[in-house]
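Read the structure below first, then the notes.
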Amino acid sequence: MRKAFQLALAAFFVWLAQGIFAQGQVDRRPVVIERPPLRFIKDPNPSFSAVAVDSDSNMLVVSDENMFRIMEYDRRESTPPRARLTEPKRIISGTNTKAEMICGVYIDPKTKEIYALNGDTQNWMPVFSTNARGNVAPNRALNIPGHPFQMAADEEKQLLYMTIQSDNKIVVYRKQASGGEKPVRTIEGNDTQLEDPHGIALDLKNKLIFVSNFGNVDFKAAGRAGRFGKFEPPSITVYPMEASGNVKPLRVIEGPKTLMNWPAHMAFHEERQELFVANDADNSILVFRATDEGDSAPLRIIKGPKTGIKSPPGIALDGKLGELYVANMGTPSITVFPVTANGDVVPTRTIRGGPEGAVGLMIGNPGAVGYDTKREQILVPN
Amino acid sequence: MHDIRYDEVHDEFLVVNPFADAILTFRGGTSGQESPVRIIQGPHAKIGGNRLDVDPIHNEIFVPDGNRIRVYPREANGDVAPIRIIEGPDTQLTRAESLAVDPVNNILVAGFNKQGNDPNGAILVFNRTDNGNVKPRAVIRGPKSGIIRINQMAVYPPKKLIVATMPGLVDLMEPPNAFLGIWTYDDNGDIPPKWKIPIGPKTTLKKPFGVVLNPKNKEIIISDMRLNSVLTFSVPEIF
């Protein structure tokens with residue numbers, strides 16, 4: 001009897017202790033640690049990710065993925081060697097803009113509106129008027145699921161073509177689309193050989209779509225096998241302009257002679273019938289013939305220390321004036337070349353957003369951080 | 001890439017490439033365009049999700065993928081199937097996007113995001129060796145917890161602590177309630193964190209995404225998406 005009482009008493013105390021513990025958890029007030037960081041790693045300069053040019057209005061629009069800005073310069077600017085930087089004519093930036101990790105920009109040739117493509121963190125393509133500046137709401141915005149990277153316009157048909165990284169597809173929207181409007185067409189499926197598509201360029205004369213692929217394959221298998229990945233070499237796949245659904249490319253540029261390594265934005269020169277490729281991980285610009293196929297060597301390569309090209313994700317062509325604009329992430333600059341440039345050549349102009357020789361930290365949307373205890377180094381994936 | 005983990009026992013670091021559904025292991029100190037030393041990828045591996053953690057003691061890699069957590073041998077290379085999968089209705093796993101493993105106390109913590117009309121994300125605590133349709137040991141969830149979604153997570157085995165970034169609603173550029181929270185393994189239910197590093201002018205944080213601990217220097221290292229930066233805080237009181 002006494003033992004039973006002792007057991008009951010012990011059980012009561014355990015129950016009480018659990019209750020007190022649980023109540024303590026519920027009533028917990030967090031200890032708020034509010035103090036400045038000991039150290040702060042931050043790039044003070046812009047990280048130029050995309051560029052668009054309109055020579056009729058002398059507009060040069062660039063996106064800055066470091067400070068989430070869209071900046072307009074006069075395209076004729078050239079930063080003097082002793083100047084710290086060139087100030088932009090206007091900046092669009094802030095939480096009202098729906099613009100954050102902007103990886104693609106486009107200037108409407110008639111209205112001069114700026115189209116901006118969020119590649120990550122926001123699913124919007126905001127469109128801004130010519131007088132938008134500061135933390136303004138866009139005139140309109142289109143919701144684009146996935147991770148788009150570049151857009152190209154067919155002005156005659158008023159269509160916008162875009163690459164969607166995470167779904168390995170091309171989407172085609174009405175140019176005036178906004179809100180949750182759906183694409184009018186998609187190119188998608190295992191037969192397309194779209195493998196982490198990034199750049200897109202249109203040959204409006206011959207009605208072709210060029211797409212650059214990093215080579216990350218997300219294969220959707222039939223039945224219960226589900227989806228799985230594999231690695232393929234980087235490539236450029238070519239489709240008919242009106243393609244839709246799971247279509248095979250007309251041809252593929254791929255192989256070691258192409259020198260492609262993270263082929264990013266592309267631009268097509270219709271008169272010259274040449275395809276320009278920002279070859280990000282090789283610090284180069286590659287130029288292919290429009291008809292190239294298979295393991296083709298580039299026609300021209302702009303690369304080397306004199307060029308100032310460093311980690312270039314973005315390019316734009318001014319076909320009228322024969323100029324090529326390169327957005328560099330590895331250093332805060334836009335470098336300008338004649339379209340015929342070849343080899344290790346000095347740019348005709350450089351527009352700097354930071355001091356000469358500044359090296360870009362290239363921290364972009366750091367989703368995680370690691371620490372190498374052996375080397376006492378911080379690892380930052382982007 | 002949304003995760004990176006350093007394995008100090010084997011001097012390697014691991015990442016997930018979500019665009020190619022692959023786990024890549026690199027030797028420590030790798031730079032430039034050096035290839036990984038091992039790749040787990042293929043139809044049997046079925047790598048989903050984009051985060052991971054490594055247990056260097058029991059030689060296992062954990063990968064969260066929505067409704068499940070897959071476990072692979074650390075030294076696997078090629079199309080290797082998982083050796084365990086935590087999956088099923090009893091697990092309460094939905095939108096599991098992050099985790100951390102404690103090989104000393106044999107604990108696995110998983111974080112997930114809000115889903116549908118439920119405004120709350122959660123932290124689930126499992127045993128390290130759990131397999132199949134198992135119930136979690138504890139679930140930290142509810143408005144007092146402040147969890148809407150969890151990004152990167154870390155654990156501190158000596159004090160049995162769970163450290164997690166809570167960056168707030170995904171579609172807000174600067175969510176008003178983001179923070180880094182620190183809970184204990186014993187926490188269960190709608191529990192506020194024991195310690196909290198909030199966003200704001202004092203800490204300068206805006207949207208904490210990544211976290212890793214440096215116990216040697218008693219520091220918490222945080223990556224902040226909205227600042228595109230890495231900040232190191234001295235927090236001796238938690239170590």
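Residues are referred to by chain and number: the chain letter is A, B, ... according to the order shown in the structure tokens, the number counts from 1 in that chain, and ligands are numbered separately from 1 in the order shown.
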If you take only C-alpha atoms and a cut-off of 8 Å, which residues of chain B touch chain A, and what are their nearest atom pairs and distances in Å to one decimal, in chain and number order, as CSV?
```
residue,atom,partner,partner_atom,distance
B:Met1,CA,A:Asn382,CA,5.5
B:His2,CA,A:Gly367,CA,4.6
B:Asp3,CA,A:Ala368,CA,4.9
B:Ile4,CA,A:Gly370,CA,5.5
B:Arg5,CA,A:Gly370,CA,5.6
B:Tyr6,CA,A:Asp372,CA,5.8
B:Glu8,CA,A:Thr373,CA,6.6
B:Asp11,CA,A:Lys374,CA,7.7
B:Phe19,CA,A:Asn216,CA,5.6
B:Ala20,CA,A:Gly229,CA,4.3
B:Asp21,CA,A:Gly229,CA,4.7
B:Ala22,CA,A:Gly229,CA,6.7
B:Gly28,CA,A:Asp372,CA,7.7
B:Gly29,CA,A:Arg375,CA,7.7
B:Gln41,CA,A:Gly229,CA,6.3
B:Gly42,CA,A:Phe228,CA,5.5
B:Pro43,CA,A:Phe228,CA,5.2
B:Ala45,CA,A:Phe228,CA,8.0
B:Lys46,CA,A:Phe228,CA,5.6
B:Ile47,CA,A:Phe228,CA,7.0
B:Asn151,CA,A:Gly367,CA,7.7
B:Gln152,CA,A:Ala368,CA,6.1
B:Val170,CA,A:Thr121,CA,7.5
B:Asp171,CA,A:Gln122,CA,6.3
B:Met173,CA,A:Thr95,CA,6.1
B:Glu174,CA,A:Thr95,CA,7.3
B:Asp187,CA,A:Gln25,CA,7.0
B:Asp190,CA,A:Val26,CA,6.9
B:Ile191,CA,A:Val26,CA,5.6
B:Pro192,CA,A:Pro30,CA,6.3
B:Pro193,CA,A:Pro30,CA,5.6
B:Lys194,CA,A:Pro30,CA,4.7
B:Trp195,CA,A:Val31,CA,4.6
B:Lys196,CA,A:Val32,CA,4.9
B:Ile197,CA,A:Ile33,CA,5.0
B:Pro198,CA,A:Glu34,CA,6.9
B:Lys202,CA,A:Pro36,CA,5.6
B:Thr203,CA,A:Pro36,CA,4.6
B:Thr204,CA,A:Pro36,CA,6.9
B:Phe209,CA,A:Gly367,CA,5.2
B:Gly210,CA,A:Ala368,CA,3.7
B:Val211,CA,A:Val369,CA,5.8
B:Val212,CA,A:Gly370,CA,5.8
B:Leu213,CA,A:Tyr371,CA,7.6
B:Asn214,CA,A:Tyr371,CA,7.4
B:Ile221,CA,A:Val369,CA,7.5
B:Ile222,CA,A:Val369,CA,6.9
B:Ser223,CA,A:Val369,CA,6.0
B:Asp224,CA,A:Pro366,CA,6.7
B:Met225,CA,A:Asn365,CA,4.9
B:Arg226,CA,A:Asn365,CA,7.5
B:Leu227,CA,A:Met67,CA,7.6
B:Asn228,CA,A:Gly364,CA,5.7
B:Ser229,CA,A:Lys42,CA,4.9
B:Val230,CA,A:Ile41,CA,5.1
B:Leu231,CA,A:Phe40,CA,4.6
B:Thr232,CA,A:Arg39,CA,5.2
B:Phe233,CA,A:Pro37,CA,4.6
B:Ser234,CA,A:Leu38,CA,6.4
```
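Shell of range 185-189 of chain A at 9 Å, with only C-alpha atoms counted and residues fewer than 4 places along the chain excluded, is A:Asp167, A:Asn168, A:Lys169, A:Ile170, A:Val171, A:Val172, A:Tyr173, A:Gln193, A:Leu194, A:Phe219, A:Lys220, A:Glu242, A:Ala243, A:Ser244, A:Gly245, A:Asn246, A:Val247.
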_I want to know what sits within 7 Å of Arg51 in chain B, based on only C-alpha atoms, with residues of the same chain fewer than 4 positions away left out; could you give that as an NGL selection string?_
:B and (2-3 or 16 or 63-64 or 97-98)
Using the selection just defined, write its residues with N, CA and C atoms as a compact mmCIF listing (two decimals), in the first residue's frame.
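Result file follows (selection_28.txt):
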```txt
# COMPACT_ATOMS: atom_id res chain seq x y z
N HIS B 2 21.30 26.13 -53.07
CA HIS B 2 20.67 26.59 -51.85
C HIS B 2 21.22 25.94 -50.59
N ASP B 3 22.32 25.23 -50.73
CA ASP B 3 22.94 24.68 -49.53
C ASP B 3 24.39 24.37 -49.82
N VAL B 16 23.98 20.58 -53.50
CA VAL B 16 23.00 19.98 -54.41
C VAL B 16 22.91 20.86 -55.64
N VAL B 63 18.86 14.32 -47.57
CA VAL B 63 18.31 15.28 -48.54
C VAL B 63 16.79 15.41 -48.34
N PRO B 64 16.29 16.59 -47.99
CA PRO B 64 14.85 16.77 -47.86
C PRO B 64 14.23 17.00 -49.23
N GLU B 97 12.07 21.37 -46.82
CA GLU B 97 13.04 21.98 -47.71
C GLU B 97 14.41 22.15 -47.09
N SER B 98 14.53 21.80 -45.81
CA SER B 98 15.80 22.03 -45.15
C SER B 98 15.96 21.02 -44.04
```
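Restricting the calculation to only C-alpha atoms, the smallest distance between Asn131 in chain B and any of B:Val163, B:Arg70, B:Tyr156, B:Gly146 is found for B:Arg70.
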*asked:* Using DSSP assignments from the backbone, pull out every residue in range 169-208 of chain B that falls under strand (DSSP E) and give it to me as a PyMOL selection string.
replied: chain B and resi 179-184+195-198+208
*Using only C-alpha atoms, which residue out of B:Val80, B:Ala122, B:Val104, B:Ile86 lies closest to Met166 in chain B?*
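Of all the options, B:Ala122 lies closest to Met166 in chain B.
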*asked:* Residues within 7 Å of Thr94 in chain B, please, as a VMD selection string. Count only C-alpha atoms; anything in the same chain fewer than 5 positions from it doesn't count.
replied: chain B and resid 66 to 67 112
*Shell around range 207-209 of chain A at 8 Å using only C-alpha atoms, local window under 4 positions removed, as a list of chain:residue names*: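 Once the adjacent positions are removed, what remains is A:Ile200, A:Ala201, A:Leu202, A:Asp203, A:Val238, A:Tyr239, A:Pro240, A:Met241, A:Glu242.
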_Need to verify the contact set: Ile148 in chain B, 7 Å, only C-alpha atoms, exclusion of same-chain residues closer than 4 positions in sequence. Can you return it as a ChimeraX atom specification?_
/B:113-114,119-121,166,168-169
Go ahead and dump the residues you just picked, C-alpha atoms, as a PDB file, in the first residue's frame.
```
ATOM      1  CA  ASN B 113       7.358  25.989 -45.314  1.00  0.00           C
ATOM      2  CA  LYS B 114       3.800  27.054 -44.916  1.00  0.00           C
ATOM      3  CA  PRO B 119       0.127  30.081 -42.414  1.00  0.00           C
ATOM      4  CA  ASN B 120       2.729  28.226 -40.382  1.00  0.00           C
ATOM      5  CA  GLY B 121       5.866  26.404 -41.310  1.00  0.00           C
ATOM      6  CA  MET B 166      13.219  32.224 -40.879  1.00  0.00           C
ATOM      7  CA  GLY B 168       9.341  35.213 -43.804  1.00  0.00           C
ATOM      8  CA  LEU B 169       6.895  35.091 -46.666  1.00  0.00           C
TER       9      LEU B 169
END
```
*Check the smallest atom-to-atom distance from each of A:Val211, A:Leu259, A:Ile309, A:Ala267 to Met329 in chain A using only C-alpha atoms, then report the winner.*
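Counting only C-alpha atoms, the residue closest to Met329 in chain A is A:Ile309.
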